[in-house]
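Student: Contents of input-v2.txt (compact mmCIF, C-alpha atoms and all ligand atoms) are given next:
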```txt
# COMPACT_ATOMS: atom_id res chain seq x y z
CA MET A 1 -161.65 21.86 -109.09
CA ILE A 2 -158.60 24.05 -108.82
CA ALA A 3 -155.68 23.34 -111.15
CA ILE A 4 -152.35 25.07 -110.72
CA GLU A 5 -149.63 24.62 -113.32
CA ASN A 6 -146.07 25.83 -113.04
CA LEU A 7 -147.14 28.79 -110.93
CA THR A 8 -144.29 31.26 -110.37
CA LYS A 9 -144.14 34.70 -108.76
CA ARG A 10 -141.07 36.91 -108.80
CA PHE A 11 -140.64 40.21 -107.02
CA GLY A 12 -137.73 41.74 -108.97
CA GLN A 13 -134.90 39.21 -108.79
CA PHE A 14 -136.50 37.35 -105.88
CA THR A 15 -138.57 34.23 -106.55
CA ALA A 16 -141.30 33.97 -103.90
CA VAL A 17 -143.25 31.13 -105.57
CA ASP A 18 -141.24 28.71 -107.65
CA ASP A 19 -142.93 26.48 -110.22
CA LEU A 20 -145.82 25.09 -108.14
CA SER A 21 -148.11 22.52 -109.75
CA PHE A 22 -151.03 20.76 -108.06
CA THR A 23 -154.77 20.17 -108.28
CA VAL A 24 -157.39 20.25 -105.55
CA LYS A 25 -160.75 18.50 -105.80
CA SER A 26 -164.05 19.24 -104.04
CA GLY A 27 -164.16 17.79 -100.54
CA GLU A 28 -160.45 18.31 -99.95
CA VAL A 29 -159.10 20.44 -97.13
CA VAL A 30 -155.56 21.31 -98.06
CA GLY A 31 -153.11 22.66 -95.51
CA PHE A 32 -150.30 24.89 -96.76
CA LEU A 33 -147.58 24.34 -94.25
CA GLY A 34 -144.26 26.11 -94.28
CA PRO A 35 -141.83 28.42 -92.55
CA ASN A 36 -142.42 32.17 -92.59
CA GLY A 37 -141.61 33.57 -96.00
CA ALA A 38 -142.22 30.24 -97.75
CA GLY A 39 -144.63 31.76 -100.26
CA LYS A 40 -147.95 30.57 -98.79
CA SER A 41 -149.67 33.95 -98.73
CA THR A 42 -148.33 34.88 -102.17
CA THR A 43 -149.76 31.64 -103.60
CA MET A 44 -153.14 32.34 -101.98
CA LYS A 45 -153.18 35.90 -103.35
CA MET A 46 -152.63 34.50 -106.84
CA ILE A 47 -155.33 31.83 -106.49
CA THR A 48 -157.84 34.45 -105.32
CA GLY A 49 -156.84 36.83 -108.10
CA PHE A 50 -155.35 39.59 -105.95
CA LEU A 51 -151.88 39.17 -107.41
CA ALA A 52 -150.94 38.30 -110.99
CA PRO A 53 -148.56 35.36 -111.51
CA THR A 54 -145.24 36.04 -113.22
CA SER A 55 -145.81 32.81 -115.14
CA GLY A 56 -147.84 29.65 -114.95
CA HIS A 57 -151.55 29.01 -114.99
CA ILE A 58 -154.42 28.90 -112.48
CA SER A 59 -157.88 27.54 -113.12
CA VAL A 60 -160.68 27.76 -110.56
CA PHE A 61 -163.51 25.58 -111.88
CA GLY A 62 -162.36 26.55 -115.36
CA TYR A 63 -161.95 30.27 -114.68
CA ASN A 64 -158.66 32.13 -114.74
CA PRO A 65 -158.68 34.48 -111.70
CA GLN A 66 -156.94 37.20 -113.76
CA THR A 67 -158.95 37.14 -116.99
CA HIS A 68 -162.28 35.99 -115.45
CA SER A 69 -161.81 37.72 -112.16
CA LEU A 70 -165.48 38.25 -111.27
CA LYS A 71 -166.52 34.67 -112.13
CA ALA A 72 -163.63 33.24 -110.13
CA LYS A 73 -164.18 35.58 -107.15
CA THR A 74 -167.88 34.65 -107.06
CA LEU A 75 -166.87 31.05 -106.44
CA MET A 76 -164.40 31.91 -103.71
CA GLY A 77 -164.35 33.17 -100.14
CA TYR A 78 -161.05 34.57 -98.92
CA LEU A 79 -159.73 35.41 -95.49
CA PRO A 80 -156.54 37.36 -96.23
CA GLU A 81 -153.48 37.45 -93.99
CA GLY A 82 -154.28 39.33 -90.76
CA ALA A 83 -158.03 39.32 -91.58
CA PRO A 84 -158.32 42.98 -92.59
CA CYS A 85 -161.78 44.53 -92.20
CA TYR A 86 -163.10 48.11 -92.23
CA GLY A 87 -162.33 49.08 -88.64
CA ASP A 88 -164.79 51.92 -88.29
CA MET A 89 -167.72 49.79 -89.43
CA THR A 90 -169.70 47.62 -87.02
CA PRO A 91 -169.88 43.87 -87.81
CA ILE A 92 -173.55 44.15 -88.78
CA LYS A 93 -172.90 47.03 -91.22
CA PHE A 94 -169.77 45.36 -92.58
CA LEU A 95 -171.46 42.00 -93.15
CA ARG A 96 -174.50 43.61 -94.79
CA PHE A 97 -172.11 45.60 -97.00
CA ILE A 98 -170.18 42.46 -98.03
CA GLY A 99 -173.48 40.63 -98.58
CA GLU A 100 -174.62 43.40 -100.94
CA VAL A 101 -171.30 43.32 -102.79
CA ARG A 102 -171.91 39.57 -103.17
CA GLY A 103 -175.24 40.42 -104.80
CA PHE A 104 -177.77 39.70 -102.04
CA ARG A 105 -180.71 42.02 -101.29
CA GLY A 106 -183.76 42.21 -99.03
CA ALA A 107 -184.83 39.13 -97.09
CA GLU A 108 -182.07 36.95 -98.52
CA LEU A 109 -179.39 39.45 -97.44
CA THR A 110 -180.85 39.55 -93.92
CA GLN A 111 -181.04 35.76 -93.80
CA ARG A 112 -177.41 35.34 -95.00
CA VAL A 113 -176.11 37.83 -92.45
CA ARG A 114 -178.11 36.17 -89.69
CA ALA A 115 -176.72 32.74 -90.61
CA VAL A 116 -173.05 33.80 -90.42
CA VAL A 117 -173.66 35.81 -87.25
CA MET A 118 -175.06 32.63 -85.70
CA SER A 119 -172.38 30.27 -86.90
CA LEU A 120 -169.54 32.59 -85.81
CA GLN A 121 -171.29 33.70 -82.63
CA LEU A 122 -171.05 37.40 -83.35
CA GLY A 123 -174.38 38.32 -81.74
CA SER A 124 -172.88 40.12 -78.74
CA VAL A 125 -170.67 42.50 -80.75
CA LEU A 126 -172.84 43.38 -83.74
CA ASN A 127 -173.00 47.10 -83.02
CA GLN A 128 -169.48 47.69 -81.78
CA PRO A 129 -166.91 49.20 -84.22
CA ILE A 130 -164.68 46.40 -85.56
CA GLU A 131 -161.48 48.23 -84.56
CA THR A 132 -162.54 48.00 -80.89
CA LEU A 133 -163.08 44.22 -81.02
CA SER A 134 -160.69 41.62 -79.60
CA LYS A 135 -158.46 39.73 -82.02
CA GLY A 136 -160.67 36.65 -81.80
CA PHE A 137 -163.83 38.57 -82.72
CA LYS A 138 -162.04 40.41 -85.56
CA ARG A 139 -160.92 37.07 -86.97
CA ARG A 140 -164.46 35.72 -86.72
CA VAL A 141 -165.83 38.78 -88.55
CA GLY A 142 -163.22 38.07 -91.26
CA LEU A 143 -164.36 34.46 -91.47
CA ALA A 144 -168.00 35.50 -91.58
CA GLN A 145 -167.43 37.71 -94.64
CA ALA A 146 -165.53 34.86 -96.32
CA ILE A 147 -168.42 32.38 -96.02
CA ILE A 148 -171.47 34.66 -96.36
CA HIS A 149 -172.14 33.56 -99.97
CA ASP A 150 -171.52 29.86 -99.21
CA PRO A 151 -168.59 29.66 -101.65
CA GLN A 152 -167.38 26.51 -103.39
CA VAL A 153 -163.80 27.44 -102.57
CA LEU A 154 -162.57 28.84 -99.30
CA VAL A 155 -159.06 30.24 -99.00
CA LEU A 156 -158.04 30.99 -95.41
CA ASP A 157 -154.67 32.56 -94.68
CA GLU A 158 -153.67 31.61 -91.12
CA PRO A 159 -157.24 31.71 -89.79
CA THR A 160 -156.24 30.82 -86.22
CA ASP A 161 -153.15 33.00 -85.93
CA GLY A 162 -153.16 34.85 -82.61
CA LEU A 163 -156.30 33.20 -81.27
CA ASP A 164 -156.50 31.63 -77.82
CA PRO A 165 -156.89 27.83 -77.57
CA ASN A 166 -160.69 27.95 -77.25
CA GLN A 167 -161.03 30.22 -80.26
CA LYS A 168 -158.63 28.04 -82.27
CA HIS A 169 -160.78 25.05 -81.42
CA GLU A 170 -163.93 26.89 -82.57
CA VAL A 171 -162.39 27.95 -85.89
CA ARG A 172 -161.14 24.42 -86.58
CA ARG A 173 -164.59 23.04 -85.83
CA LEU A 174 -166.09 25.55 -88.23
CA ILE A 175 -163.66 24.54 -91.00
CA ARG A 176 -164.39 20.86 -90.46
CA ASN A 177 -168.14 21.48 -90.58
CA LEU A 178 -167.86 23.56 -93.74
CA SER A 179 -165.78 21.34 -95.80
CA LYS A 180 -168.04 18.47 -96.88
CA ASP A 181 -168.33 19.29 -100.60
CA LYS A 182 -166.08 22.33 -100.78
CA ILE A 183 -162.48 23.06 -101.49
CA VAL A 184 -160.73 24.56 -98.50
CA ILE A 185 -157.15 25.81 -98.67
CA VAL A 186 -155.81 26.87 -95.32
CA SER A 187 -152.33 28.09 -94.49
CA THR A 188 -150.78 27.63 -91.10
CA HIS A 189 -147.48 27.22 -89.39
CA ILE A 190 -149.15 25.35 -86.56
CA LEU A 191 -148.51 21.69 -87.19
CA GLU A 192 -151.33 20.26 -85.06
CA GLU A 193 -153.73 22.27 -87.19
CA VAL A 194 -152.91 20.04 -90.13
CA THR A 195 -153.89 16.85 -88.33
CA ALA A 196 -156.89 18.62 -86.80
CA VAL A 197 -158.52 19.84 -90.01
CA CYS A 198 -156.73 18.85 -93.21
CA THR A 199 -157.17 15.86 -95.51
CA ARG A 200 -153.95 16.78 -97.28
CA ALA A 201 -150.78 18.56 -96.27
CA MET A 202 -148.54 20.49 -98.63
CA ILE A 203 -145.19 21.55 -97.24
CA ILE A 204 -143.86 24.62 -99.00
CA ALA A 205 -140.45 26.17 -98.41
CA ASP A 206 -138.58 28.76 -100.45
CA GLY A 207 -141.55 28.87 -102.82
CA LYS A 208 -141.23 25.18 -103.71
CA LEU A 209 -143.59 22.32 -103.02
CA LEU A 210 -141.59 19.75 -101.04
CA VAL A 211 -144.27 17.31 -99.88
CA ASP A 212 -147.90 16.65 -100.78
CA GLU A 213 -149.50 13.83 -98.79
CA THR A 214 -152.03 13.04 -96.05
CA PRO A 215 -151.29 14.11 -92.46
CA ALA A 216 -151.08 10.40 -91.50
CA GLU A 217 -148.46 9.77 -94.20
CA LEU A 218 -146.55 12.76 -92.95
CA GLU A 219 -146.61 11.42 -89.38
CA ALA A 220 -145.49 8.01 -90.64
CA ARG A 221 -142.24 9.61 -91.86
CA SER A 222 -141.34 10.37 -88.26
CA ARG A 223 -138.73 8.35 -86.42
CA TYR A 224 -141.31 8.26 -83.61
CA HIS A 225 -144.02 6.62 -85.74
CA GLY A 226 -145.12 3.49 -83.86
CA ALA A 227 -142.65 4.11 -81.03
CA ILE A 228 -143.87 3.21 -77.55
CA ARG A 229 -143.34 5.43 -74.57
CA LEU A 230 -143.31 3.64 -71.27
CA GLU A 231 -143.08 4.78 -67.71
CA LEU A 232 -142.66 1.85 -65.37
CA SER A 233 -141.00 0.37 -62.31
CA HIS A 234 -137.71 -1.49 -62.84
CA ALA A 235 -136.91 0.69 -65.87
CA ASN A 236 -133.26 -0.39 -66.02
CA HIS A 237 -134.13 -4.06 -66.02
CA ALA A 238 -136.93 -3.47 -68.55
CA LEU A 239 -134.54 -1.60 -70.83
CA GLU A 240 -132.31 -4.67 -71.15
CA GLN A 241 -135.26 -6.97 -71.82
CA LEU A 242 -136.86 -4.63 -74.36
CA LYS A 243 -133.65 -4.36 -76.37
CA LYS A 244 -133.73 -8.14 -76.85
CA LEU A 245 -137.18 -8.13 -78.52
CA GLU A 246 -136.97 -9.05 -82.18
CA ASP A 247 -138.85 -6.04 -83.59
CA VAL A 248 -137.12 -3.40 -81.46
CA ALA A 249 -134.62 -1.16 -83.26
CA SER A 250 -133.50 0.80 -80.20
CA VAL A 251 -134.53 2.00 -76.76
CA THR A 252 -133.79 5.38 -75.22
CA GLN A 253 -134.09 6.35 -71.59
CA SER A 254 -135.03 9.73 -70.13
CA SER A 255 -132.35 11.51 -68.08
CA ASP A 256 -134.17 10.75 -64.81
CA GLY A 257 -134.27 7.10 -65.88
CA GLY A 258 -138.01 6.50 -65.46
CA MET A 259 -139.24 6.91 -69.02
CA LEU A 260 -138.33 4.62 -71.90
CA THR A 261 -138.97 5.17 -75.59
CA VAL A 262 -138.89 2.00 -77.64
CA PHE A 263 -138.39 2.41 -81.40
CA PRO A 264 -139.65 -0.30 -83.77
CA LYS A 265 -137.78 -1.76 -86.70
CA ASP A 266 -139.18 -0.54 -90.02
CA GLY A 267 -142.90 -1.26 -90.28
CA ALA A 268 -143.03 -3.43 -87.15
CA SER A 269 -145.70 -3.09 -84.48
CA LEU A 270 -144.48 -3.25 -80.90
CA PHE A 271 -147.81 -3.16 -79.12
CA LEU A 272 -148.30 -6.92 -78.64
CA PRO A 273 -144.71 -8.01 -77.92
CA ILE A 274 -144.19 -5.24 -75.37
CA ASN A 275 -147.54 -5.93 -73.72
CA ALA A 276 -146.60 -9.59 -73.41
CA LEU A 277 -143.24 -8.71 -71.87
CA LEU A 278 -144.86 -6.35 -69.36
CA GLN A 279 -147.36 -9.00 -68.27
CA LYS A 280 -144.75 -11.71 -67.98
CA ASN A 281 -142.59 -9.61 -65.70
CA ASN A 282 -145.44 -8.04 -63.77
CA TRP A 283 -143.81 -4.60 -63.88
CA GLU A 284 -145.90 -1.72 -62.61
CA VAL A 285 -146.74 0.44 -65.65
CA HIS A 286 -147.58 4.14 -65.10
CA GLU A 287 -147.77 5.13 -68.73
CA PHE A 288 -148.05 3.26 -72.02
CA HIS A 289 -148.37 5.36 -75.13
CA VAL A 290 -148.08 4.49 -78.83
CA GLU A 291 -146.72 7.49 -80.76
CA LYS A 292 -148.29 8.42 -84.10
CA GLY A 293 -145.24 10.34 -85.15
CA ARG A 294 -144.01 13.84 -84.48
CA LEU A 295 -144.85 16.38 -87.13
CA ASP A 296 -142.39 18.95 -85.80
CA GLU A 297 -139.54 16.50 -86.33
CA VAL A 298 -140.78 15.62 -89.85
CA PHE A 299 -141.23 19.29 -90.68
CA ARG A 300 -137.70 20.16 -89.54
CA THR A 301 -136.21 17.26 -91.46
CA ILE A 302 -138.03 18.17 -94.67
CA THR A 303 -137.33 21.89 -94.53
CA LYS A 304 -133.76 21.50 -93.25
CA GLY A 305 -131.31 23.07 -95.62
CA VAL A 306 -134.00 25.37 -96.89
CA LYS A 307 -133.22 28.76 -95.47
CA ALA A 308 -136.12 29.72 -93.23
CA GLN A 309 -137.00 33.22 -92.06
CA GLY A 310 -138.04 31.83 -88.68
CA VAL A 311 -139.81 28.56 -88.06
CA LYS A 312 -142.48 28.12 -85.44
CA VAL A 313 -143.39 24.54 -84.74
CA ASN A 314 -145.50 24.47 -81.63
CA GLY A 315 -148.02 27.17 -82.31
N1 LIG A 401 -145.02 42.56 -102.57
C1 LIG A 401 -143.85 41.97 -102.31
N2 LIG A 401 -142.68 42.50 -102.72
C2 LIG A 401 -141.49 41.89 -102.48
N3 LIG A 401 -141.37 40.72 -101.81
C3 LIG A 401 -142.50 40.15 -101.35
C4 LIG A 401 -143.79 40.72 -101.58
N4 LIG A 401 -144.73 39.92 -101.01
C5 LIG A 401 -144.05 38.88 -100.47
N5 LIG A 401 -142.72 39.02 -100.66
C6 LIG A 401 -141.68 38.07 -100.23
O1 LIG A 401 -142.01 36.80 -100.75
C7 LIG A 401 -141.69 35.78 -99.81
C8 LIG A 401 -142.91 34.95 -99.53
O2 LIG A 401 -143.82 35.70 -98.76
P1 LIG A 401 -145.21 35.14 -98.27
O3 LIG A 401 -145.93 34.56 -99.43
O4 LIG A 401 -145.88 36.21 -97.51
O5 LIG A 401 -144.74 33.96 -97.30
P2 LIG A 401 -145.56 33.14 -96.21
O6 LIG A 401 -146.99 33.54 -96.32
O7 LIG A 401 -145.29 31.72 -96.51
O8 LIG A 401 -144.97 33.52 -94.87
C9 LIG A 401 -141.14 36.49 -98.59
O9 LIG A 401 -139.72 36.45 -98.66
C10 LIG A 401 -141.66 37.89 -98.73
O10 LIG A 401 -140.79 38.82 -98.11
MG MG A 402 -148.25 34.34 -94.89
```
Can you give me the file's structure in the form of structure tokens?

Tutor:
Amino acid sequence: MIAIENLTKRFGQFTAVDDLSFTVKSGEVVGFLGPNGAGKSTTMKMITGFLAPTSGHISVFGYNPQTHSLKAKTLMGYLPEGAPCYGDMTPIKFLRFIGEVRGFRGAELTQRVRAVVMSLQLGSVLNQPIETLSKGFKRRVGLAQAIIHDPQVLVLDEPTDGLDPNQKHEVRRLIRNLSKDKIVIVSTHILEEVTAVCTRAMIIADGKLLVDETPAELEARSRYHGAIRLELSHANHALEQLKKLEDVASVTQSSDGGMLTVFPKDGASLFLPINALLQKNNWEVHEFHVEKGRLDEVFRTITKGVKAQGVKVNG
């Protein structure tokens, strides 16, 4: 497992990572979520041994990435910010080179390269210099080098940044398929990514850990958790009736009047009582949707007051 204790990184007077402590067990996919400048990349650079902490302690399966750098790096695959690769190399040369650095030779090297080329669908660009590839292919080459040795720990810094929706989907699928018995730490400022791939979400802002819980728990903090969105005939009449239901805290109406959002009292479920009311009145329902909660709202509430260098919430 990975154990982080009181991890701190200062650049001069500036504290980029401020006293982080947490552990991650095998099988967990942890999402680092936070505004730009929160300290996500700096934390990842320290975990992977590319940056020395100012203070605090990191253990990767018992190895300190600074003092047992090679042992720790052997266990880890890392996709750094921006997925840097050697641009003048072709993917096939680059992946064979990384495979050799990872200690593979001969038939095993060829087999490892073939496996990552297959799983990241790089077959069509193998002989084209990396610098001439599209962003999506470059990112996939970066992911391929990170997983070529089938590492126990995978650290991915914004792996879907700048990809189109299909490519994002592919990368998320890859992460989900990888993660069975591994530790995956993935940073993102795309909130849906957390529900799509993570078992655990850590919100970091100003270098501090503000929240560490499951994506479902995070959604449950939202005012919209369990709210019901309704589009129906007789909206004005329905609004009055809905307000009278015992478990309803409040009802809001869209500016054009047709859409209602019904908020439950704490912990109450509105599905059955609202359904009963709809049937009794025979209103024509065009939409009925139970909200899980809105992560962008939760994220803003949690990081409010923390000075952000630009927050992107919708990807
Ligand atoms: N080498 C460095 N020297 C000085 N400041 C740095 C350095 N690296 C990062 N920082 C600062 O540390 C903060 C955290 O950066 P970073 O970890 O990249 O954030 P994130 O990845 O969450 O966007 C930022 O304010 C950034 O400007
Ligand atoms: Mg970053």

Student: Find the spatial neighbours of stretch 239-247 of chain A, counting all atoms listed in the file, within a cut-off of 7 Å - ignore same-chain residues fewer than 4 positions away - and output them as a PyMOL selection string.

Tutor: chain A and resi 235+251+264-265+268+270

Student: Report as a ChimeraX atom specification which protein, DNA and RNA residues come within 7 Å of ligand MG 402 (chain A), using all atoms listed in the file.

Tutor: /A:36-37,39-41,81,157

Student: Check the smallest atom-to-atom distance from each of A:Leu75, A:Leu277, A:Val116, A:Ile204 to ligand LIG 401 (chain A) using only C-alpha atoms and all ligand atoms, then report the winner.

Tutor: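 Among the listed residues, the smallest separation from ligand LIG 401 (chain A) belongs to A:Ile204.
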
Student: Write as a PyMOL selection string the residues around ligand LIG 401 (chain A), taking 9 Å as the cut-off and counting all atoms listed in the file.

Tutor: chain A and resi 9-12+14-17+32-45+81+157-158+187-189+204-207+309

Student: Please, what distance in Å, to one decimal, runs between atom CA of A:Ser55 and atom CA of A:Leu209?

Tutor: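 Computing the Euclidean distance for atom CA of A:Ser55 and atom CA of A:Leu209 yields 16.2 Å.
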
Student: Using only C-alpha atoms, which of A:Pro91, A:Gly257, A:Gly27, A:Gly123 sits nearest A:Leu230?

Tutor: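 Using only C-alpha atoms, the shortest distance to A:Leu230 belongs to A:Gly257.
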
Student: Suppose you want the space between atom CA of A:Arg176 and atom CA of A:Glu28; what is it in Å?

Tutor: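 Pair atom CA of A:Arg176 / atom CA of A:Glu28 returns 10.6 Å.
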
Student: Nearest residue to A:Asp164 out of A:Lys280, A:Arg102, A:Lys135, A:Arg140, using all atoms listed in the file?

Tutor: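 Counting all atoms listed in the file, the residue closest to A:Asp164 is A:Lys135.
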
Student: One decimal, Å: what's the distance from atom CA of A:Phe263 over to atom CA of A:Asp296, could you say?

Tutor: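 Calculated distance between atom CA of A:Phe263 and atom CA of A:Asp296 is 17.6 Å.
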
Student: Write out as AutoDock Vina command-line options an axis-aligned box for stretch 227-237 of chain A: all of its atoms listed in the file, 6 Å added on each side, centre and edge lengths in Å with one decimal.

Tutor:
```
--center_x -138.6 --center_y 0.7 --center_z -71.7 --size_x 22.6 --size_y 21.5 --size_z 30.7
```

Student: Which residue is closest to A:Leu210? Choose from A:Val194, A:Val298, A:Ser255, A:Val117 and count only C-alpha atoms.

Tutor: A:Val298

Student: Near A:Gly62, within 12 Å and counting all atoms listed in the file, which residues show up once chain neighbours fewer than 4 positions away are dropped, as a list in words?

Tutor: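 Within the cut-off, the hits are Met1, Ile2, Ala3, Ile4, His57, Ile58, Thr67, His68, Ser69, Lys71, Ala72 and Leu75 of chain A.
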
Student: Choose the residue, out of A:Ile190, A:Leu295, A:Ile274, A:Leu178, that has the smallest atom-to-atom separation from A:Ser222; count only C-alpha atoms.

Tutor: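 Of the candidates, the smallest distance to A:Ser222 is held by A:Leu295.
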
Student: Ranking A:Ile203, A:Leu278, A:Val141, A:Met76 by minimum distance to A:Tyr63 and counting only C-alpha atoms, which one comes first?

Tutor: A:Met76

Student: Mind checking which residues fall within 12 Å of A:Lys73, counting all atoms listed in the file, ignoring those fewer than 3 positions away in the same chain, and posting them as a list of chain:residue names?

Tutor: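 Once the adjacent positions are removed, what remains is A:Lys45, A:Met46, A:Ile47, A:Thr48, A:Gly49, A:Phe50, A:Ser59, A:Val60, A:Phe61, A:Tyr63, A:Asn64, A:Pro65, A:Gln66, A:Thr67, A:His68, A:Ser69, A:Leu70, A:Met76, A:Gly77, A:Tyr78, A:Val101, A:Arg102, A:Ala146, A:His149, A:Pro151, A:Gln152, A:Val153, A:Leu154, A:Val155.
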
Student: Which residues are near A:Trp283? Cut-off 8 Å, only C-alpha atoms, ignore same chain within fewer than 2 positions. Put them as a PyMOL selection string.

Tutor: chain A and resi 232-234+278-279+281+285

Student: For stretch 7-19 of chain A, where the input has fewer atoms than it should, I would like N, CA and C atoms rebuilt and written as a PDB file, in the coordinates of the input.

Tutor:
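And here's rebuild15.pdb as it stands now:
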```pdb
ATOM      1  N   LEU A   7    -146.895  27.449-111.454  1.00  0.00           N
ATOM      2  CA  LEU A   7    -147.140  28.790-110.930  1.00  0.00           C
ATOM      3  C   LEU A   7    -145.854  29.392-110.343  1.00  0.00           C
ATOM      4  N   THR A   8    -145.516  30.590-110.821  1.00  0.00           N
ATOM      5  CA  THR A   8    -144.290  31.260-110.370  1.00  0.00           C
ATOM      6  C   THR A   8    -144.574  32.734-110.124  1.00  0.00           C
ATOM      7  N   LYS A   9    -144.031  33.258-109.015  1.00  0.00           N
ATOM      8  CA  LYS A   9    -144.140  34.700-108.760  1.00  0.00           C
ATOM      9  C   LYS A   9    -142.767  35.252-108.387  1.00  0.00           C
ATOM     10  N   ARG A  10    -142.324  36.234-109.142  1.00  0.00           N
ATOM     11  CA  ARG A  10    -141.070  36.910-108.800  1.00  0.00           C
ATOM     12  C   ARG A  10    -141.364  38.345-108.383  1.00  0.00           C
ATOM     13  N   PHE A  11    -140.651  38.791-107.374  1.00  0.00           N
ATOM     14  CA  PHE A  11    -140.640  40.210-107.020  1.00  0.00           C
ATOM     15  C   PHE A  11    -139.243  40.689-107.368  1.00  0.00           C
ATOM     16  N   GLY A  12    -139.077  41.376-108.498  1.00  0.00           N
ATOM     17  CA  GLY A  12    -137.730  41.740-108.970  1.00  0.00           C
ATOM     18  C   GLY A  12    -136.936  40.477-109.231  1.00  0.00           C
ATOM     19  N   GLN A  13    -135.766  40.384-108.596  1.00  0.00           N
ATOM     20  CA  GLN A  13    -134.900  39.210-108.790  1.00  0.00           C
ATOM     21  C   GLN A  13    -135.359  38.030-107.908  1.00  0.00           C
ATOM     22  N   PHE A  14    -136.182  38.341-106.909  1.00  0.00           N
ATOM     23  CA  PHE A  14    -136.500  37.350-105.880  1.00  0.00           C
ATOM     24  C   PHE A  14    -137.684  36.469-106.301  1.00  0.00           C
ATOM     25  N   THR A  15    -137.493  35.164-106.201  1.00  0.00           N
ATOM     26  CA  THR A  15    -138.570  34.230-106.550  1.00  0.00           C
ATOM     27  C   THR A  15    -139.307  33.794-105.281  1.00  0.00           C
ATOM     28  N   ALA A  16    -140.528  34.275-105.118  1.00  0.00           N
ATOM     29  CA  ALA A  16    -141.300  33.970-103.900  1.00  0.00           C
ATOM     30  C   ALA A  16    -142.061  32.657-104.058  1.00  0.00           C
ATOM     31  N   VAL A  17    -142.541  32.374-105.272  1.00  0.00           N
ATOM     32  CA  VAL A  17    -143.250  31.130-105.570  1.00  0.00           C
ATOM     33  C   VAL A  17    -142.593  30.531-106.799  1.00  0.00           C
ATOM     34  N   ASP A  18    -142.166  29.269-106.662  1.00  0.00           N
ATOM     35  CA  ASP A  18    -141.240  28.710-107.650  1.00  0.00           C
ATOM     36  C   ASP A  18    -141.806  27.445-108.299  1.00  0.00           C
ATOM     37  N   ASP A  19    -142.532  27.621-109.396  1.00  0.00           N
ATOM     38  CA  ASP A  19    -142.930  26.480-110.220  1.00  0.00           C
ATOM     39  C   ASP A  19    -143.823  25.474-109.487  1.00  0.00           C
TER      40      ASP A  19
END
```
